[in-house]
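Next up, model.csv (CSV, N, CA and C atoms):
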```csv
chain,number,residue,atom,x,y,z
A,286,MET,N,-2.1,-6.6,44.0
A,286,MET,CA,-1.4,-6.4,45.3
A,286,MET,C,-0.3,-5.3,45.0
A,287,ASN,N,-0.3,-4.4,45.9
A,287,ASN,CA,0.8,-3.3,45.8
A,287,ASN,C,1.9,-3.7,46.7
A,288,THR,N,3.1,-3.7,46.2
A,288,THR,CA,4.3,-3.9,47.0
A,288,THR,C,5.2,-2.8,46.7
A,289,SER,N,5.9,-2.4,47.8
A,289,SER,CA,6.9,-1.3,47.6
A,289,SER,C,8.2,-1.8,48.3
A,290,HIS,N,9.3,-1.5,47.7
A,290,HIS,CA,10.6,-1.9,48.2
A,290,HIS,C,11.4,-0.6,48.5
A,291,GLU,N,11.9,-0.6,49.8
A,291,GLU,CA,12.7,0.5,50.2
A,291,GLU,C,14.1,0.4,49.6
A,292,ALA,N,14.7,1.5,49.3
A,292,ALA,CA,16.1,1.4,48.7
A,292,ALA,C,17.1,0.8,49.7
A,293,ALA,N,16.9,1.1,51.0
A,293,ALA,CA,17.8,0.5,52.0
A,293,ALA,C,17.0,0.0,53.2
A,294,PRO,N,17.5,-1.1,53.8
A,294,PRO,CA,16.7,-1.6,55.0
A,294,PRO,C,16.8,-0.6,56.1
A,295,SER,N,15.8,-0.8,57.0
A,295,SER,CA,15.8,0.1,58.2
A,295,SER,C,17.0,-0.3,59.1
A,296,ALA,N,17.1,0.4,60.2
A,296,ALA,CA,18.2,0.1,61.2
A,296,ALA,C,18.0,-1.3,61.7
A,297,ASP,N,16.8,-1.6,62.1
A,297,ASP,CA,16.5,-3.0,62.6
A,297,ASP,C,16.8,-4.0,61.6
A,298,GLY,N,16.4,-3.7,60.3
A,298,GLY,CA,16.7,-4.7,59.2
A,298,GLY,C,18.2,-4.9,59.0
A,299,ARG,N,19.0,-3.8,59.1
A,299,ARG,CA,20.4,-3.9,58.9
A,299,ARG,C,21.0,-4.8,60.0
A,300,ARG,N,20.5,-4.6,61.3
A,300,ARG,CA,21.1,-5.4,62.4
A,300,ARG,C,20.7,-6.9,62.2
A,301,MET,N,19.5,-7.2,61.7
A,301,MET,CA,19.1,-8.5,61.5
A,301,MET,C,19.9,-9.2,60.4
A,302,LEU,N,20.1,-8.4,59.3
A,302,LEU,CA,20.9,-8.9,58.2
A,302,LEU,C,22.3,-9.2,58.6
A,303,GLU,N,22.9,-8.4,59.4
A,303,GLU,CA,24.3,-8.6,59.9
A,303,GLU,C,24.3,-9.8,60.8
A,304,SER,N,23.3,-10.0,61.6
A,304,SER,CA,23.2,-11.2,62.5
A,304,SER,C,23.2,-12.5,61.6
A,305,LEU,N,22.4,-12.5,60.6
A,305,LEU,CA,22.2,-13.6,59.7
A,305,LEU,C,23.6,-13.9,59.0
A,306,ARG,N,24.2,-12.8,58.5
A,306,ARG,CA,25.5,-13.0,57.8
A,306,ARG,C,26.5,-13.6,58.7
A,307,GLN,N,26.6,-13.2,60.0
A,307,GLN,CA,27.5,-13.7,60.9
A,307,GLN,C,27.2,-15.2,61.2
A,308,ALA,N,25.9,-15.5,61.4
A,308,ALA,CA,25.6,-16.9,61.7
A,308,ALA,C,25.9,-17.8,60.5
A,309,VAL,N,25.7,-17.4,59.3
A,309,VAL,CA,26.0,-18.2,58.1
A,309,VAL,C,27.5,-18.3,58.0
A,310,GLY,N,28.3,-17.3,58.2
A,310,GLY,CA,29.7,-17.3,58.2
A,310,GLY,C,30.3,-18.3,59.2
A,311,LYS,N,29.7,-18.3,60.4
A,311,LYS,CA,30.2,-19.2,61.4
A,311,LYS,C,29.9,-20.7,61.1
A,312,ALA,N,28.7,-20.9,60.5
A,312,ALA,CA,28.3,-22.2,60.1
A,312,ALA,C,29.2,-22.8,59.0
A,313,LEU,N,29.5,-21.9,58.0
A,313,LEU,CA,30.3,-22.3,56.9
A,313,LEU,C,31.8,-22.6,57.4
A,314,GLU,N,32.3,-21.7,58.3
A,314,GLU,CA,33.6,-21.9,58.8
A,314,GLU,C,33.7,-23.2,59.6
A,315,ARG,N,32.6,-23.5,60.4
A,315,ARG,CA,32.6,-24.8,61.1
A,315,ARG,C,32.6,-26.0,60.2
A,316,LYS,N,31.8,-25.9,59.1
A,316,LYS,CA,31.8,-27.0,58.2
A,316,LYS,C,33.2,-27.2,57.5
A,317,ARG,N,33.9,-26.1,57.2
A,317,ARG,CA,35.2,-26.2,56.6
A,317,ARG,C,36.2,-26.8,57.6
A,318,ARG,N,36.1,-26.4,58.8
A,318,ARG,CA,37.1,-27.0,59.8
A,318,ARG,C,36.8,-28.5,60.0
A,319,LEU,N,35.5,-28.9,60.0
A,319,LEU,CA,35.2,-30.3,60.2
A,319,LEU,C,35.4,-31.2,58.9
A,320,GLY,N,35.7,-30.5,57.8
A,320,GLY,CA,36.0,-31.3,56.6
A,320,GLY,C,34.7,-31.6,55.8
A,321,GLN,N,33.6,-30.9,56.1
A,321,GLN,CA,32.3,-31.2,55.5
A,321,GLN,C,32.1,-30.3,54.3
A,322,TYR,N,31.2,-30.6,53.4
A,322,TYR,CA,30.9,-29.8,52.3
A,322,TYR,C,29.7,-28.9,52.6
A,323,ALA,N,29.5,-27.9,51.8
A,323,ALA,CA,28.3,-27.0,52.0
A,323,ALA,C,27.7,-26.8,50.6
A,324,VAL,N,26.3,-26.7,50.6
A,324,VAL,CA,25.6,-26.4,49.3
A,324,VAL,C,25.1,-25.0,49.5
A,325,VAL,N,25.4,-24.1,48.5
A,325,VAL,CA,25.0,-22.7,48.5
A,325,VAL,C,24.3,-22.4,47.1
A,326,TRP,N,23.7,-21.3,47.0
A,326,TRP,CA,23.0,-20.9,45.8
A,326,TRP,C,23.8,-19.8,45.2
A,327,ARG,N,24.2,-20.1,43.9
A,327,ARG,CA,25.0,-19.1,43.2
A,327,ARG,C,24.6,-19.0,41.7
A,328,HIS,N,24.3,-17.9,41.2
A,328,HIS,CA,24.0,-17.6,39.8
A,328,HIS,C,22.8,-18.5,39.4
A,329,GLY,N,21.8,-18.6,40.3
A,329,GLY,CA,20.6,-19.3,40.1
A,329,GLY,C,20.7,-20.8,40.1
A,330,LYS,N,21.8,-21.4,40.6
A,330,LYS,CA,22.0,-22.8,40.6
A,330,LYS,C,22.7,-23.2,42.0
A,331,PRO,N,22.4,-24.4,42.4
A,331,PRO,CA,23.1,-24.9,43.6
A,331,PRO,C,24.5,-25.2,43.3
A,332,TRP,N,25.4,-24.9,44.3
A,332,TRP,CA,26.8,-25.2,44.2
A,332,TRP,C,27.3,-25.9,45.4
A,333,VAL,N,28.1,-26.9,45.2
A,333,VAL,CA,28.7,-27.6,46.3
A,333,VAL,C,30.1,-27.0,46.5
A,334,ILE,N,30.3,-26.6,47.8
A,334,ILE,CA,31.6,-26.1,48.2
A,334,ILE,C,32.3,-27.2,48.9
A,335,ASN,N,33.4,-27.6,48.5
A,335,ASN,CA,34.2,-28.7,49.1
A,335,ASN,C,34.9,-28.2,50.4
A,336,ALA,N,35.3,-29.1,51.2
A,336,ALA,CA,36.0,-28.7,52.4
A,336,ALA,C,37.4,-28.2,52.1
A,337,ASP,N,37.9,-28.6,51.0
A,337,ASP,CA,39.3,-28.2,50.6
A,337,ASP,C,39.2,-26.7,50.2
A,338,ALA,N,39.7,-25.9,51.1
A,338,ALA,CA,39.6,-24.4,51.0
A,338,ALA,C,40.3,-23.9,49.7
A,339,SER,N,41.4,-24.6,49.3
A,339,SER,CA,42.1,-24.1,48.1
A,339,SER,C,41.2,-24.3,46.8
A,340,ARG,N,40.3,-25.3,46.8
A,340,ARG,CA,39.5,-25.5,45.7
A,340,ARG,C,38.2,-24.6,45.7
A,341,VAL,N,37.9,-24.1,46.9
A,341,VAL,CA,36.6,-23.3,47.0
A,341,VAL,C,36.7,-22.1,46.1
A,342,ALA,N,37.8,-21.4,46.2
A,342,ALA,CA,37.9,-20.1,45.5
A,342,ALA,C,37.8,-20.4,44.0
A,343,GLU,N,38.4,-21.4,43.5
A,343,GLU,CA,38.3,-21.7,42.0
A,343,GLU,C,36.9,-22.2,41.6
A,344,GLU,N,36.4,-23.1,42.4
A,344,GLU,CA,35.1,-23.7,42.0
A,344,GLU,C,33.9,-22.8,42.2
A,345,ALA,N,34.0,-22.0,43.3
A,345,ALA,CA,32.8,-21.1,43.6
A,345,ALA,C,32.8,-19.8,42.9
A,346,ALA,N,33.8,-19.5,42.1
A,346,ALA,CA,33.9,-18.3,41.4
A,346,ALA,C,34.0,-18.4,39.9
A,347,PRO,N,33.0,-18.9,39.2
A,347,PRO,CA,33.1,-19.2,37.8
A,347,PRO,C,33.1,-17.9,36.9
A,348,TRP,N,32.8,-16.8,37.5
A,348,TRP,CA,32.8,-15.5,36.8
A,348,TRP,C,34.2,-15.0,36.7
A,349,ARG,N,35.2,-15.6,37.4
A,349,ARG,CA,36.6,-15.1,37.3
A,349,ARG,C,37.2,-15.5,35.9
A,350,THR,N,37.9,-14.6,35.4
A,350,THR,CA,38.5,-15.0,34.1
A,350,THR,C,39.9,-15.4,34.3
A,351,GLU,N,40.3,-16.4,33.4
A,351,GLU,CA,41.7,-16.9,33.5
A,351,GLU,C,42.6,-15.9,32.8
A,352,ARG,N,43.8,-15.7,33.4
A,352,ARG,CA,44.8,-14.8,32.8
A,352,ARG,C,45.9,-15.5,32.3
```
Write out the structure in this file as structure tokens.
Amino acid sequence: MNTSHEAAPSADGRRMLESLRQAVGKALERKRRLGQYAVVWRHGKPWVINADASRVAEEAAPWRTER
């Protein structure tokens, strides 16, 4: 089977991708406001993001180095 991947999505593809990003952003924001957790995929593993926004940045960014 031959598959080809374009370097950049088409104009329609970009609009669809932006719509999906906005929908996910709204859903995550709603969960945060309601005090619910969310499960996302990061670095090939599922991650639980707690409703506590101050802990999200620390827990969800393991690639950050401590200074």
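The coordinates place atom N of A:Gln321 at 14.1 Å from atom C of A:Val309.
Across the structure, atom C of A:Ile334 and atom N of A:Leu305 are spaced 21.2 Å apart.
For the pair atom CA of A:Arg300 and atom CA of A:Glu314, the interatomic distance is 21.0 Å.
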